[in-house]
Structure formats: C-alpha cells, structure tokens
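Read through the structure below, which is laid out as structure tokens, and then see the notes.
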Amino acid sequence: MHIVRYRSVSDSRPRIAVLNDGVLSTLPVAGMFELLNHRVEEIERMCADAVPDSSLSEVRLLAPVDGAMEVWAAGVTYLRSRDARVEESTLKSVYELVYDAERPELFFKSPAWRVVVDGEPVGIRSDSELNVPEPELALVINRFEQIVGYVVCNDMSSRSVEGENPLYLPQAKLYAGACALSSGIRPAWEVEPSDLAIRLTVAREGAVVWDGTTSTKQIRRPFTQLTAYLFHSENHPHGVVLATGTGLVPDLDFRIHAGDRITVTIDEIGELRNPVVAGKGHFDFLTPP
Ligand code: DO4
Ligand code: MG
C-alpha cells in the first residue's frame with residue numbers, strides 16, 4: 001500500500017488517496033499537509049477506513065508534497081559519501097569531521113512546489129561539469145516528529161560546484177530539477193527500513209553506463225537522531241520530508257549527461273525514474289504564470 005497525491009481529468013484539485021493494487025481510495029483531507037497534521041495512529045486508521053473510488057489508470061500521480069512542506073537532506077551519513085567528498089573537495093577535513101561528529105549535516109533541499117516526481121525530468125546545472133544522482137531513502141515525517149512513511153529521493157548534486165568550496169553547497173544542491181521524489185509513500189506501519197536494498201542505474205542511449213547497490217544497513221546514524229536534529233529548533237507544521245543521505249557515489253571519472261535516464265529503486269518502498277536535462281529552461285512547468 002502507498003499513500004499518493006493525484007489529480008484526475010475531471011477534477012483539477014489534487015487529492016490524497018491510498019493506492020492498493022491499482023485502486024485508489026481517496027482520503028478526507030485537503031492535502032498531504034493536512035494528513036501530516038495527524039498522528040501516525042490516526043493516519044493508519046484513516047487509511048484502513050478509506051473506501052475504493054477510482055482506478056490508477058484514470059489519474060496522474062503527483063509529487064507527494066504540498067502546502068508549506070519542505071524537503072531537507074542529511075549528508076555524509078554513509079562511509080562511501082564521506083570518502084567521495086574527501087576525494088572531490090579542496091577542503092577534505094570538513095567531511096571527515098562531520099561523519100564522526102555528534103551533530104549531523106542537514107541542509108534544506110527544496111520547497112514542495114519545486115519537487116519533481118517519477119517520469120518528470122531531473123536537472124543538471126548548465127554551469128556545472130560534474131553532476132551525479134544521489135539515491136536516498138527519505139522519511140516522511142508528520143508535525144509531531146513521527147515517521148509516517150518512506151519515499152525514494154534523488155538528491156541531484158553538482159560535485160564540481162561543491163568540490164570547489166563547501167560554502168557553495170546550496171548552489172550544488174538547490175537548482176531547477178535537483179529534487180525528485182517517488183509518488184508513493186510506503187507507510188511506516190508496513191515496512192521495516194533497517195536493511196533495504198537501494199539500487200541506482202544510469203542508462204545512456206539504451207545501455208547501462210553505471211549501476212550500483214547499497215543497503216540502508218550501511219547508514220551511520222539512526223533515523224531518530226536525524227529527525228531529532230531536524231525538529232530541534234524548528235517546527236514543521238505541514239510535515240516534512242528528510243532524505244537520509246547517499247551510500248552510492250560513482251567514481252570521479254563518471255558524470256551524468258543530458259539525455260541519461262536515471263532509475264532509483266528501494267526495496268519495499270518504490271521506484272523513481274527520471275530523464276536528465278540541462279538548464280532551468282526545461283522546468284517552466286514548475287512555475288506556470
Ligand atoms: O556534504 C555534502 C552533501 C552530501 C550528501 O548529500 C549525501 O551524503 O547524500
Ligand atoms: Mg545527498
């Protein structure tokens with residue numbers, strides 16, 4: 001079962017529903033922001049009580065975020081990520097320090113309205129030479145700091161911009177098409193996330209040019225520690241998504257090109273597939289007049 005946002009042809013207002021075997025059961029809430037205003041036990045009950053009303057084939061799935069929801073991300077939570085940053089950066093020690101520190105690296109990734117979903121393009125900056133996808137398990141958290149479920153995230157990143165100077169992190173991480181989420185939230189009451197396989201595949205002109213697999217077992221920090229820091233000095237009244245960091249980073253000689261097709265799969269959670277484009281001109285659909 002997944003919780004989704006969708007839009008049907010007959011109704012321009014996005015709705016929230018439970019999706020089970022291709023059948024949608026709409027929930028009585030105005031948006032994901034309202035659902036995440038409930039405690040996890042209440043959400044579970046609402047999902048159990050929902051009545052089937054439409055079919056997946058009649059609707060378009062949207063990114064599972066709305067209202068004042070934000071996407072945040074944790075960094076350097078896997079050994080592979082630490083080693084990759086040390087390799088790419090002119091200032092290596094900051095990454096070694098944060099990997100071992102009590103306080104995690106958390107950064108703002110995207111407001112809800114900039115998030116792209118499965119099937120939409122992800123972007124690379126036109127001023128960046130070295131770009132990679134970062135496949136990550138993301139937590140969907142309600143306003144009470146409870147993990148309601150999980151989605152797949154691609155934290156698209158410029159390694160050359162961040163590598164030049166860590167203070168350029170916001171430019172390496174926030175730009176048009178940099179944040180993709182899978183459409184379905186797998187509820188926390190249905191899945192045990194401590195050892196899930198995360199797979200990344202990059203296809204170019206029909207052939208796979210990079211693929212790799214890791215597991216959530218390799219993460220260095222408990223999710224509860226990441227959420228505690230995220231909520232420590234800030235409220236998230238509409239709920240929030242927190243990507244938990246990447247355990248897969250290609251070697252420095254690999255880079256993403258426009259036209260590549262990226263697939264991220266996390267067992268039991270979902271799949272996220274996006275074609276790659278270069279430059280913000282491809283993302284006017286996120287900013288209609
Ligand atoms: O410090 C850079 C960001 C690292 C990151 O996004 C990750 O480890 O996933
Ligand atoms: Mg990342």
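Residues are referred to by chain and number: the chain letter is A, B, ... according to the order shown in the structure tokens, the number counts from 1 in that chain, and ligands are numbered separately from 1 in the order shown.
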
Shell of 8 Å around Val116 of chain A, only C-alpha atoms, local chain residues under 6 positions omitted, as a list in words: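 Close residues of Val116 of chain A: Ala63, Val122, Gly177, Cys179, Ala180 and Leu181 of chain A.
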
Just write the chosen residues, N, CA and C atoms, as a PDB file, in the first residue's frame.
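Contents of the output file part.pdb:
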```
ATOM      1  N   ALA A  63       3.857  14.712  -7.137  1.00  0.00           N
ATOM      2  CA  ALA A  63       4.850  14.616  -6.057  1.00  0.00           C
ATOM      3  C   ALA A  63       4.107  14.587  -4.709  1.00  0.00           C
ATOM      4  N   VAL A 122      14.822  15.389 -14.287  1.00  0.00           N
ATOM      5  CA  VAL A 122      15.683  15.975 -13.256  1.00  0.00           C
ATOM      6  C   VAL A 122      16.742  16.799 -13.981  1.00  0.00           C
ATOM      7  N   GLY A 177      15.110  21.314 -10.878  1.00  0.00           N
ATOM      8  CA  GLY A 177      15.135  19.877 -11.167  1.00  0.00           C
ATOM      9  C   GLY A 177      16.075  19.081 -10.292  1.00  0.00           C
ATOM     10  N   CYS A 179      15.592  18.090  -7.127  1.00  0.00           N
ATOM     11  CA  CYS A 179      14.990  17.234  -6.097  1.00  0.00           C
ATOM     12  C   CYS A 179      13.845  16.414  -6.694  1.00  0.00           C
ATOM     13  N   ALA A 180      14.027  15.102  -6.732  1.00  0.00           N
ATOM     14  CA  ALA A 180      12.974  14.211  -7.234  1.00  0.00           C
ATOM     15  C   ALA A 180      12.545  13.262  -6.124  1.00  0.00           C
ATOM     16  N   LEU A 181      11.224  13.053  -6.035  1.00  0.00           N
ATOM     17  CA  LEU A 181      10.676  12.080  -5.082  1.00  0.00           C
ATOM     18  C   LEU A 181       9.755  11.119  -5.808  1.00  0.00           C
TER      19      LEU A 181
END
```

Nearby residues (only C-alpha atoms) at most 10 Å from segment 217-232 of chain A, same-chain spacing under 6 positions excluded, as a PyMOL selection string: chain A and resi 72-74+76-80+99-100+102-107+138-139+141+143-147+193-197+240-247

Nearest to Arg255 of chain A, chosen from A:Val132, A:Ala178, A:Ala207, A:Leu169, with only C-alpha atoms counted in the distances: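 Among the listed residues, A:Val132 lies closest to Arg255 of chain A.
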
Helix (DSSP H, G or I) call set, DSSP backbone run, segment 133-170 of chain A, as a VMD selection string: chain A and resid 159 to 164 166 to 170

Excluding Ala172 of chain A and its own-chain neighbours fewer than 5 positions away, which residues fall within 8 Å of it when counting only C-alpha atoms? Please give them as a PDB file with C-alpha atoms, in the first residue's frame.
```
ATOM      1  CA  SER A 157      24.067  17.237  -6.993  1.00  0.00           C
ATOM      2  CA  SER A 158      26.902  19.140  -8.620  1.00  0.00           C
ATOM      3  CA  ARG A 159      30.169  17.617  -7.407  1.00  0.00           C
ATOM      4  CA  VAL A 161      30.435  23.218  -7.539  1.00  0.00           C
ATOM      5  CA  GLU A 162      30.517  21.696  -4.041  1.00  0.00           C
TER       6      GLU A 162
END
```

Non-local contacts of segment 84-91 of chain A (8 Å; only C-alpha atoms; under 5 positions in same chain excluded) as a list in words: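 Contacts, in chain order: Glu96, Arg159, Ser160, Glu162, Gly163, Glu164, Asn165, Pro166, Val249, Asp251 and Leu252 of chain A.
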
Once you have the residues from the selection above, write them out as an mmCIF file, in the first residue's frame, restricted to all heavy atoms.
```
data_model
loop_
_atom_site.group_PDB
_atom_site.id
_atom_site.type_symbol
_atom_site.label_atom_id
_atom_site.label_comp_id
_atom_site.auth_asym_id
_atom_site.auth_seq_id
_atom_site.Cartn_x
_atom_site.Cartn_y
_atom_site.Cartn_z
ATOM 1 N N GLU A 96 35.310 14.658 6.859
ATOM 2 C CA GLU A 96 35.743 13.668 7.861
ATOM 3 C C GLU A 96 35.190 14.056 9.227
ATOM 4 O O GLU A 96 34.708 13.220 9.983
ATOM 5 C CB GLU A 96 37.276 13.604 7.887
ATOM 6 C CG GLU A 96 37.809 12.927 6.644
ATOM 7 C CD GLU A 96 39.291 13.140 6.415
ATOM 8 O OE1 GLU A 96 39.848 14.141 6.884
ATOM 9 O OE2 GLU A 96 39.874 12.289 5.732
ATOM 10 N N ARG A 159 28.941 17.909 -8.165
ATOM 11 C CA ARG A 159 30.169 17.617 -7.407
ATOM 12 C C ARG A 159 31.228 18.690 -7.666
ATOM 13 O O ARG A 159 32.057 18.965 -6.806
ATOM 14 C CB ARG A 159 30.722 16.242 -7.793
ATOM 15 C CG ARG A 159 29.815 15.114 -7.388
ATOM 16 C CD ARG A 159 30.468 13.765 -7.642
ATOM 17 N NE ARG A 159 31.482 13.453 -6.646
ATOM 18 C CZ ARG A 159 32.203 12.325 -6.651
ATOM 19 N NH1 ARG A 159 31.998 11.419 -7.588
ATOM 20 N NH2 ARG A 159 33.106 12.101 -5.722
ATOM 21 N N SER A 160 31.226 19.278 -8.881
ATOM 22 C CA SER A 160 32.265 20.277 -9.162
ATOM 23 C C SER A 160 32.011 21.571 -8.387
ATOM 24 O O SER A 160 32.949 22.181 -7.874
ATOM 25 C CB SER A 160 32.393 20.545 -10.665
ATOM 26 O OG SER A 160 31.125 20.677 -11.260
ATOM 27 N N GLU A 162 30.248 21.939 -5.466
ATOM 28 C CA GLU A 162 30.517 21.696 -4.041
ATOM 29 C C GLU A 162 32.005 21.438 -3.801
ATOM 30 O O GLU A 162 32.571 21.863 -2.786
ATOM 31 C CB GLU A 162 29.693 20.508 -3.535
ATOM 32 C CG GLU A 162 29.861 20.294 -2.040
ATOM 33 C CD GLU A 162 29.155 19.041 -1.518
ATOM 34 O OE1 GLU A 162 28.292 18.511 -2.229
ATOM 35 O OE2 GLU A 162 29.496 18.621 -0.411
ATOM 36 N N GLY A 163 32.640 20.732 -4.745
ATOM 37 C CA GLY A 163 34.047 20.376 -4.578
ATOM 38 C C GLY A 163 34.958 21.594 -4.589
ATOM 39 O O GLY A 163 35.996 21.621 -3.918
ATOM 40 N N GLU A 164 34.550 22.641 -5.321
ATOM 41 C CA GLU A 164 35.377 23.854 -5.388
ATOM 42 C C GLU A 164 35.445 24.534 -4.018
ATOM 43 O O GLU A 164 36.487 25.011 -3.600
ATOM 44 C CB GLU A 164 34.761 24.801 -6.424
ATOM 45 C CG GLU A 164 35.627 25.984 -6.756
ATOM 46 C CD GLU A 164 34.980 26.863 -7.824
ATOM 47 O OE1 GLU A 164 34.122 26.365 -8.596
ATOM 48 O OE2 GLU A 164 35.325 28.050 -7.863
ATOM 49 N N ASN A 165 34.298 24.522 -3.313
ATOM 50 C CA ASN A 165 34.261 25.162 -1.994
ATOM 51 C C ASN A 165 32.991 24.684 -1.286
ATOM 52 O O ASN A 165 31.898 24.843 -1.819
ATOM 53 C CB ASN A 165 34.226 26.687 -2.181
ATOM 54 C CG ASN A 165 34.349 27.431 -0.861
ATOM 55 O OD1 ASN A 165 33.811 27.005 0.162
ATOM 56 N ND2 ASN A 165 35.054 28.552 -0.893
ATOM 57 N N PRO A 166 33.103 24.109 -0.081
ATOM 58 C CA PRO A 166 31.901 23.602 0.605
ATOM 59 C C PRO A 166 30.841 24.675 0.847
ATOM 60 O O PRO A 166 29.671 24.356 0.992
ATOM 61 C CB PRO A 166 32.428 23.063 1.939
ATOM 62 C CG PRO A 166 33.876 22.848 1.732
ATOM 63 C CD PRO A 166 34.332 23.829 0.687
ATOM 64 N N VAL A 249 28.011 6.670 -4.613
ATOM 65 C CA VAL A 249 28.554 7.800 -5.368
ATOM 66 C C VAL A 249 29.516 7.217 -6.408
ATOM 67 O O VAL A 249 30.463 6.511 -6.046
ATOM 68 C CB VAL A 249 29.318 8.797 -4.453
ATOM 69 C CG1 VAL A 249 29.734 10.027 -5.261
ATOM 70 C CG2 VAL A 249 28.469 9.214 -3.253
ATOM 71 N N ASP A 251 32.613 6.895 -9.137
ATOM 72 C CA ASP A 251 33.974 7.433 -9.114
ATOM 73 C C ASP A 251 33.998 8.774 -9.845
ATOM 74 O O ASP A 251 33.101 9.073 -10.652
ATOM 75 C CB ASP A 251 34.948 6.451 -9.778
ATOM 76 C CG ASP A 251 35.185 5.244 -8.868
ATOM 77 O OD1 ASP A 251 34.978 5.372 -7.642
ATOM 78 O OD2 ASP A 251 35.553 4.177 -9.398
ATOM 79 N N LEU A 252 35.084 9.544 -9.586
ATOM 80 C CA LEU A 252 35.143 10.909 -10.125
ATOM 81 C C LEU A 252 35.149 10.988 -11.652
ATOM 82 O O LEU A 252 34.839 12.025 -12.215
ATOM 83 C CB LEU A 252 36.410 11.605 -9.592
ATOM 84 C CG LEU A 252 36.256 12.345 -8.265
ATOM 85 C CD1 LEU A 252 37.599 12.899 -7.815
ATOM 86 C CD2 LEU A 252 35.228 13.469 -8.354
#
```

Of the listed residues A:Pro111, A:Pro64, A:Pro288, A:Pro28, that which approaches Arg7 of chain A most closely, counting only C-alpha atoms: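 Result for the nearest residue to Arg7 of chain A: A:Pro64.
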
Nearest candidate to ligand 2 (options A:Val202, A:Leu137, A:Ile185, A:Ala258; using only C-alpha atoms and all ligand atoms): A:Leu137

Residues of segment 112-143 of chain A in strand (DSSP E), written as a list in words: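 Residues meeting the strand (DSSP E) criterion: Val116, Val117, Val122, Gly123, Ile124, Asn131, Val132, Pro135, Glu136, Leu137, Ala138, Leu139, Val140 and Ile141 of chain A.
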
Residue contacts of Leu248 of chain A (8 Å, only C-alpha atoms) excluding same-chain residues fewer than 2 positions away, as a list in words: Arg80, Ser81, Glu134, Pro135, Leu200, Gly212, Thr213, Thr214, Thr246 and Pro250 of chain A
